[in-house]
Amino acid sequence: LKEKEEKIERLLESLAEESSKEIPVVVEGKKDVETLRALNLDGKIITLKAGGKSFLNVLSDLEKLRVQEVILLLDFDRRGKEATKRLKLSLENMGVTPNLAFWLELFGLVGKEVKDVEGLIKYMETLKRKIGRSTT
């Protein structure tokens, strides 16, 4: 469990580092944004489902940013997987590299226990409790 916790923490640190390099992160909703902010991610985060934006609006926003790469970090459930696949193809068609590395690694580590990004903090707290360490 400790090894799993360390892998997740390293992955989240790495994600925060990439995000600070002006690489936007796309998540599903506002709670996902709050979770990533709480996990020290201070780069640009774009929500797929907030503010009544359509899928095309989000693609348009990404295009306006003129970025080479976008990190996709949608939920791990069926809808999240479908949205990830759809967004990946759309980004590729725009000439933008979709970065799925963090999503794939997180899914591999927590996909059976966590269904969404917002569940990460609670999962980490539970993991730390099981290991016997405080979350402070």
# chains A, B, ... in the order shown; residues from 1 in each chain; ligands from 1
call {"tool": "residues_around", "arguments": {"residues": "Phe76 in chain A", "least_positions_apart": "3", "cutoff": "6 Å", "atoms": "only C-alpha atoms", "output": "PyMOL selection string"}}
result
chain A and resi 80+115-116
call {"tool": "write_last_selection", "arguments": {"atoms": "C-alpha atoms", "output": "short mmCIF file (atom, residue, chain, number, x, y, z; two decimals), in the first residue's frame"}}
result
data_model
loop_
_atom_site.label_atom_id
_atom_site.label_comp_id
_atom_site.auth_asym_id
_atom_site.auth_seq_id
_atom_site.Cartn_x
_atom_site.Cartn_y
_atom_site.Cartn_z
CA GLY A 80 -15.13 9.34 -18.84
CA LYS A 115 -14.27 6.30 -10.51
CA ASP A 116 -13.48 10.00 -10.79
#
call {"tool": "residues_around", "arguments": {"residues": "range 118-132 of chain A", "least_positions_apart": "3", "cutoff": "6 Å", "atoms": "only C-alpha atoms", "output": "ChimeraX atom specification"}}
result
/A:31-32,35,114
call {"tool": "closest_residue", "arguments": {"among": "A:Asp77, A:Glu82, A:Glu105, A:Glu13", "to": "Asn40 in chain A", "atoms": "only C-alpha atoms"}}
result
A:Glu13
call {"tool": "select_by_dssp", "arguments": {"residues": "chain A", "states": "helix (DSSP H, G or I)", "output": "ChimeraX atom specification"}}
result
/A:2-19,30-38,55-65,78-93,101-110,117-131
call {"tool": "write_last_selection", "arguments": {"atoms": "C-alpha atoms", "output": "PDB file, in the first residue's frame"}}
result
ATOM      1  CA  LYS A   2       2.826   2.374   0.855  1.00  0.00           C
ATOM      2  CA  GLU A   3       4.379   1.770  -2.553  1.00  0.00           C
ATOM      3  CA  LYS A   4       1.043   2.497  -4.236  1.00  0.00           C
ATOM      4  CA  GLU A   5       0.636   5.715  -2.243  1.00  0.00           C
ATOM      5  CA  GLU A   6       4.156   6.837  -3.188  1.00  0.00           C
ATOM      6  CA  LYS A   7       3.516   6.086  -6.876  1.00  0.00           C
ATOM      7  CA  ILE A   8       0.313   8.141  -6.828  1.00  0.00           C
ATOM      8  CA  GLU A   9       2.019  11.030  -5.017  1.00  0.00           C
ATOM      9  CA  ARG A  10       4.927  11.018  -7.501  1.00  0.00           C
ATOM     10  CA  LEU A  11       2.456  10.931 -10.376  1.00  0.00           C
ATOM     11  CA  LEU A  12       0.495  13.878  -8.960  1.00  0.00           C
ATOM     12  CA  GLU A  13       3.722  15.853  -8.393  1.00  0.00           C
ATOM     13  CA  SER A  14       4.722  15.123 -11.964  1.00  0.00           C
ATOM     14  CA  LEU A  15       1.289  16.249 -13.164  1.00  0.00           C
ATOM     15  CA  ALA A  16       1.613  19.524 -11.225  1.00  0.00           C
ATOM     16  CA  GLU A  17       5.056  20.051 -12.766  1.00  0.00           C
ATOM     17  CA  GLU A  18       3.777  19.475 -16.321  1.00  0.00           C
ATOM     18  CA  SER A  19       0.789  21.721 -15.692  1.00  0.00           C
ATOM     19  CA  LYS A  30     -15.816  21.861 -11.144  1.00  0.00           C
ATOM     20  CA  LYS A  31     -15.230  19.355  -8.342  1.00  0.00           C
ATOM     21  CA  ASP A  32     -12.390  17.840 -10.365  1.00  0.00           C
ATOM     22  CA  VAL A  33     -10.838  21.319 -10.620  1.00  0.00           C
ATOM     23  CA  GLU A  34     -11.186  21.801  -6.842  1.00  0.00           C
ATOM     24  CA  THR A  35      -9.536  18.424  -6.267  1.00  0.00           C
ATOM     25  CA  LEU A  36      -6.578  19.216  -8.515  1.00  0.00           C
ATOM     26  CA  ARG A  37      -6.163  22.649  -6.893  1.00  0.00           C
ATOM     27  CA  ALA A  38      -6.154  20.943  -3.475  1.00  0.00           C
ATOM     28  CA  PHE A  55     -17.799  19.749 -26.516  1.00  0.00           C
ATOM     29  CA  LEU A  56     -17.128  22.009 -29.517  1.00  0.00           C
ATOM     30  CA  ASN A  57     -16.810  25.086 -27.272  1.00  0.00           C
ATOM     31  CA  VAL A  58     -14.129  23.306 -25.268  1.00  0.00           C
ATOM     32  CA  LEU A  59     -12.268  22.353 -28.454  1.00  0.00           C
ATOM     33  CA  SER A  60     -12.535  25.955 -29.631  1.00  0.00           C
ATOM     34  CA  ASP A  61     -11.148  27.205 -26.287  1.00  0.00           C
ATOM     35  CA  LEU A  62      -8.240  24.784 -26.575  1.00  0.00           C
ATOM     36  CA  GLU A  63      -7.569  25.893 -30.138  1.00  0.00           C
ATOM     37  CA  LYS A  64      -7.463  29.550 -29.025  1.00  0.00           C
ATOM     38  CA  LEU A  65      -4.781  28.683 -26.473  1.00  0.00           C
ATOM     39  CA  ARG A  78     -17.446   4.415 -18.866  1.00  0.00           C
ATOM     40  CA  ARG A  79     -18.525   7.966 -19.782  1.00  0.00           C
ATOM     41  CA  GLY A  80     -15.128   9.341 -18.840  1.00  0.00           C
ATOM     42  CA  LYS A  81     -13.410   6.743 -21.008  1.00  0.00           C
ATOM     43  CA  GLU A  82     -15.683   7.565 -23.953  1.00  0.00           C
ATOM     44  CA  ALA A  83     -15.131  11.314 -23.541  1.00  0.00           C
ATOM     45  CA  THR A  84     -11.371  10.745 -23.320  1.00  0.00           C
ATOM     46  CA  LYS A  85     -11.388   8.756 -26.551  1.00  0.00           C
ATOM     47  CA  ARG A  86     -13.521  11.362 -28.333  1.00  0.00           C
ATOM     48  CA  LEU A  87     -11.421  14.282 -27.098  1.00  0.00           C
ATOM     49  CA  LYS A  88      -8.194  12.476 -27.995  1.00  0.00           C
ATOM     50  CA  LEU A  89      -9.323  12.021 -31.607  1.00  0.00           C
ATOM     51  CA  SER A  90     -10.559  15.613 -31.877  1.00  0.00           C
ATOM     52  CA  LEU A  91      -7.300  17.009 -30.500  1.00  0.00           C
ATOM     53  CA  GLU A  92      -5.251  14.858 -32.865  1.00  0.00           C
ATOM     54  CA  ASN A  93      -7.329  16.193 -35.774  1.00  0.00           C
ATOM     55  CA  ALA A 101       0.019   9.221 -19.708  1.00  0.00           C
ATOM     56  CA  PHE A 102      -1.250  10.548 -16.358  1.00  0.00           C
ATOM     57  CA  TRP A 103      -4.789   9.283 -16.972  1.00  0.00           C
ATOM     58  CA  LEU A 104      -3.560   5.826 -17.977  1.00  0.00           C
ATOM     59  CA  GLU A 105      -1.186   5.531 -15.036  1.00  0.00           C
ATOM     60  CA  LEU A 106      -3.744   6.777 -12.516  1.00  0.00           C
ATOM     61  CA  PHE A 107      -6.376   4.473 -14.000  1.00  0.00           C
ATOM     62  CA  GLY A 108      -3.938   1.573 -13.651  1.00  0.00           C
ATOM     63  CA  LEU A 109      -3.282   2.456 -10.010  1.00  0.00           C
ATOM     64  CA  VAL A 110      -6.764   3.406  -8.784  1.00  0.00           C
ATOM     65  CA  VAL A 117     -10.786  12.620 -10.272  1.00  0.00           C
ATOM     66  CA  GLU A 118     -12.676  14.183  -7.362  1.00  0.00           C
ATOM     67  CA  GLY A 119     -12.416  10.857  -5.488  1.00  0.00           C
ATOM     68  CA  LEU A 120      -8.607  10.999  -5.425  1.00  0.00           C
ATOM     69  CA  ILE A 121      -8.244  12.999  -2.199  1.00  0.00           C
ATOM     70  CA  LYS A 122     -10.556  10.729  -0.215  1.00  0.00           C
ATOM     71  CA  TYR A 123      -8.780   7.698  -1.683  1.00  0.00           C
ATOM     72  CA  MET A 124      -5.363   9.072  -0.687  1.00  0.00           C
ATOM     73  CA  GLU A 125      -6.636   9.784   2.848  1.00  0.00           C
ATOM     74  CA  THR A 126      -7.970   6.232   3.118  1.00  0.00           C
ATOM     75  CA  LEU A 127      -4.688   4.837   1.813  1.00  0.00           C
ATOM     76  CA  LYS A 128      -2.684   6.862   4.350  1.00  0.00           C
ATOM     77  CA  ARG A 129      -5.008   5.753   7.149  1.00  0.00           C
ATOM     78  CA  LYS A 130      -4.528   2.115   6.153  1.00  0.00           C
ATOM     79  CA  ILE A 131      -0.772   2.619   6.124  1.00  0.00           C
TER      80      ILE A 131
END
call {"tool": "residues_around", "arguments": {"residues": "range 24-28 of chain A", "least_positions_apart": "2", "cutoff": "6 Å", "atoms": "only C-alpha atoms", "output": "VMD selection string"}}
result
chain A and resid 44 to 49 70 to 74
call {"tool": "select_by_dssp", "arguments": {"residues": "chain A", "states": "strand (DSSP E or B)", "output": "list in words"}}
result
Val25, Val26, Val27, Ile45, Ile46, Thr47, Glu69, Val70, Ile71, Leu72, Thr97, Pro98 and Asn99 of chain A
call {"tool": "write_last_selection", "arguments": {"atoms": "N, CA and C atoms", "output": "PDB file, in the first residue's frame"}}
result
ATOM      1  N   VAL A  25      -4.780  21.209 -18.497  1.00  0.00           N
ATOM      2  CA  VAL A  25      -5.329  19.918 -18.092  1.00  0.00           C
ATOM      3  C   VAL A  25      -6.839  19.991 -18.296  1.00  0.00           C
ATOM      4  N   VAL A  26      -7.403  18.993 -18.963  1.00  0.00           N
ATOM      5  CA  VAL A  26      -8.854  18.954 -19.168  1.00  0.00           C
ATOM      6  C   VAL A  26      -9.455  17.934 -18.207  1.00  0.00           C
ATOM      7  N   VAL A  27     -10.437  18.389 -17.418  1.00  0.00           N
ATOM      8  CA  VAL A  27     -11.161  17.522 -16.487  1.00  0.00           C
ATOM      9  C   VAL A  27     -12.650  17.636 -16.804  1.00  0.00           C
ATOM     10  N   ILE A  45      -6.595  24.765 -15.941  1.00  0.00           N
ATOM     11  CA  ILE A  45      -7.477  23.595 -15.937  1.00  0.00           C
ATOM     12  C   ILE A  45      -8.753  23.984 -16.674  1.00  0.00           C
ATOM     13  N   ILE A  46      -9.132  23.168 -17.629  1.00  0.00           N
ATOM     14  CA  ILE A  46     -10.326  23.420 -18.431  1.00  0.00           C
ATOM     15  C   ILE A  46     -11.346  22.331 -18.127  1.00  0.00           C
ATOM     16  N   THR A  47     -12.595  22.751 -17.878  1.00  0.00           N
ATOM     17  CA  THR A  47     -13.635  21.762 -17.585  1.00  0.00           C
ATOM     18  C   THR A  47     -14.439  21.463 -18.836  1.00  0.00           C
ATOM     19  N   GLU A  69       0.186  20.664 -26.670  1.00  0.00           N
ATOM     20  CA  GLU A  69      -0.167  19.474 -25.899  1.00  0.00           C
ATOM     21  C   GLU A  69      -1.248  19.811 -24.883  1.00  0.00           C
ATOM     22  N   VAL A  70      -2.106  18.833 -24.616  1.00  0.00           N
ATOM     23  CA  VAL A  70      -3.155  18.972 -23.608  1.00  0.00           C
ATOM     24  C   VAL A  70      -3.171  17.682 -22.795  1.00  0.00           C
ATOM     25  N   ILE A  71      -3.207  17.821 -21.471  1.00  0.00           N
ATOM     26  CA  ILE A  71      -3.280  16.650 -20.594  1.00  0.00           C
ATOM     27  C   ILE A  71      -4.754  16.329 -20.365  1.00  0.00           C
ATOM     28  N   LEU A  72      -5.147  15.108 -20.686  1.00  0.00           N
ATOM     29  CA  LEU A  72      -6.533  14.681 -20.472  1.00  0.00           C
ATOM     30  C   LEU A  72      -6.610  13.915 -19.159  1.00  0.00           C
ATOM     31  N   THR A  97      -1.283  17.432 -29.394  1.00  0.00           N
ATOM     32  CA  THR A  97      -0.962  16.136 -28.803  1.00  0.00           C
ATOM     33  C   THR A  97      -1.765  15.933 -27.523  1.00  0.00           C
ATOM     34  N   PRO A  98      -2.619  14.902 -27.485  1.00  0.00           N
ATOM     35  CA  PRO A  98      -3.333  14.606 -26.242  1.00  0.00           C
ATOM     36  C   PRO A  98      -2.440  13.746 -25.346  1.00  0.00           C
ATOM     37  N   ASN A  99      -2.163  14.222 -24.140  1.00  0.00           N
ATOM     38  CA  ASN A  99      -1.327  13.478 -23.207  1.00  0.00           C
ATOM     39  C   ASN A  99      -2.236  12.635 -22.316  1.00  0.00           C
TER      40      ASN A  99
END
call {"tool": "decode", "arguments": {"residues": "range 72-98 of chain A", "atoms": "C-alpha atoms", "output": "CSV table (one decimal), in the first residue's frame"}}
result
chain,number,residue,atom,x,y,z
A,72,LEU,CA,-6.5,14.7,-20.5
A,73,LEU,CA,-7.6,13.7,-17.0
A,74,LEU,CA,-11.3,12.8,-17.3
A,75,ASP,CA,-13.1,10.3,-15.0
A,76,PHE,CA,-12.4,6.6,-15.0
A,77,ASP,CA,-15.9,5.4,-15.5
A,78,ARG,CA,-17.4,4.4,-18.9
A,79,ARG,CA,-18.5,8.0,-19.8
A,80,GLY,CA,-15.1,9.3,-18.8
A,81,LYS,CA,-13.4,6.7,-21.0
A,82,GLU,CA,-15.7,7.6,-24.0
A,83,ALA,CA,-15.1,11.3,-23.5
A,84,THR,CA,-11.4,10.7,-23.3
A,85,LYS,CA,-11.4,8.8,-26.6
A,86,ARG,CA,-13.5,11.4,-28.3
A,87,LEU,CA,-11.4,14.3,-27.1
A,88,LYS,CA,-8.2,12.5,-28.0
A,89,LEU,CA,-9.3,12.0,-31.6
A,90,SER,CA,-10.6,15.6,-31.9
A,91,LEU,CA,-7.3,17.0,-30.5
A,92,GLU,CA,-5.3,14.9,-32.9
A,93,ASN,CA,-7.3,16.2,-35.8
A,94,MET,CA,-6.5,19.7,-34.6
A,95,GLY,CA,-2.8,18.9,-34.5
A,96,VAL,CA,-2.6,19.0,-30.7
A,97,THR,CA,-1.0,16.1,-28.8
A,98,PRO,CA,-3.3,14.6,-26.2
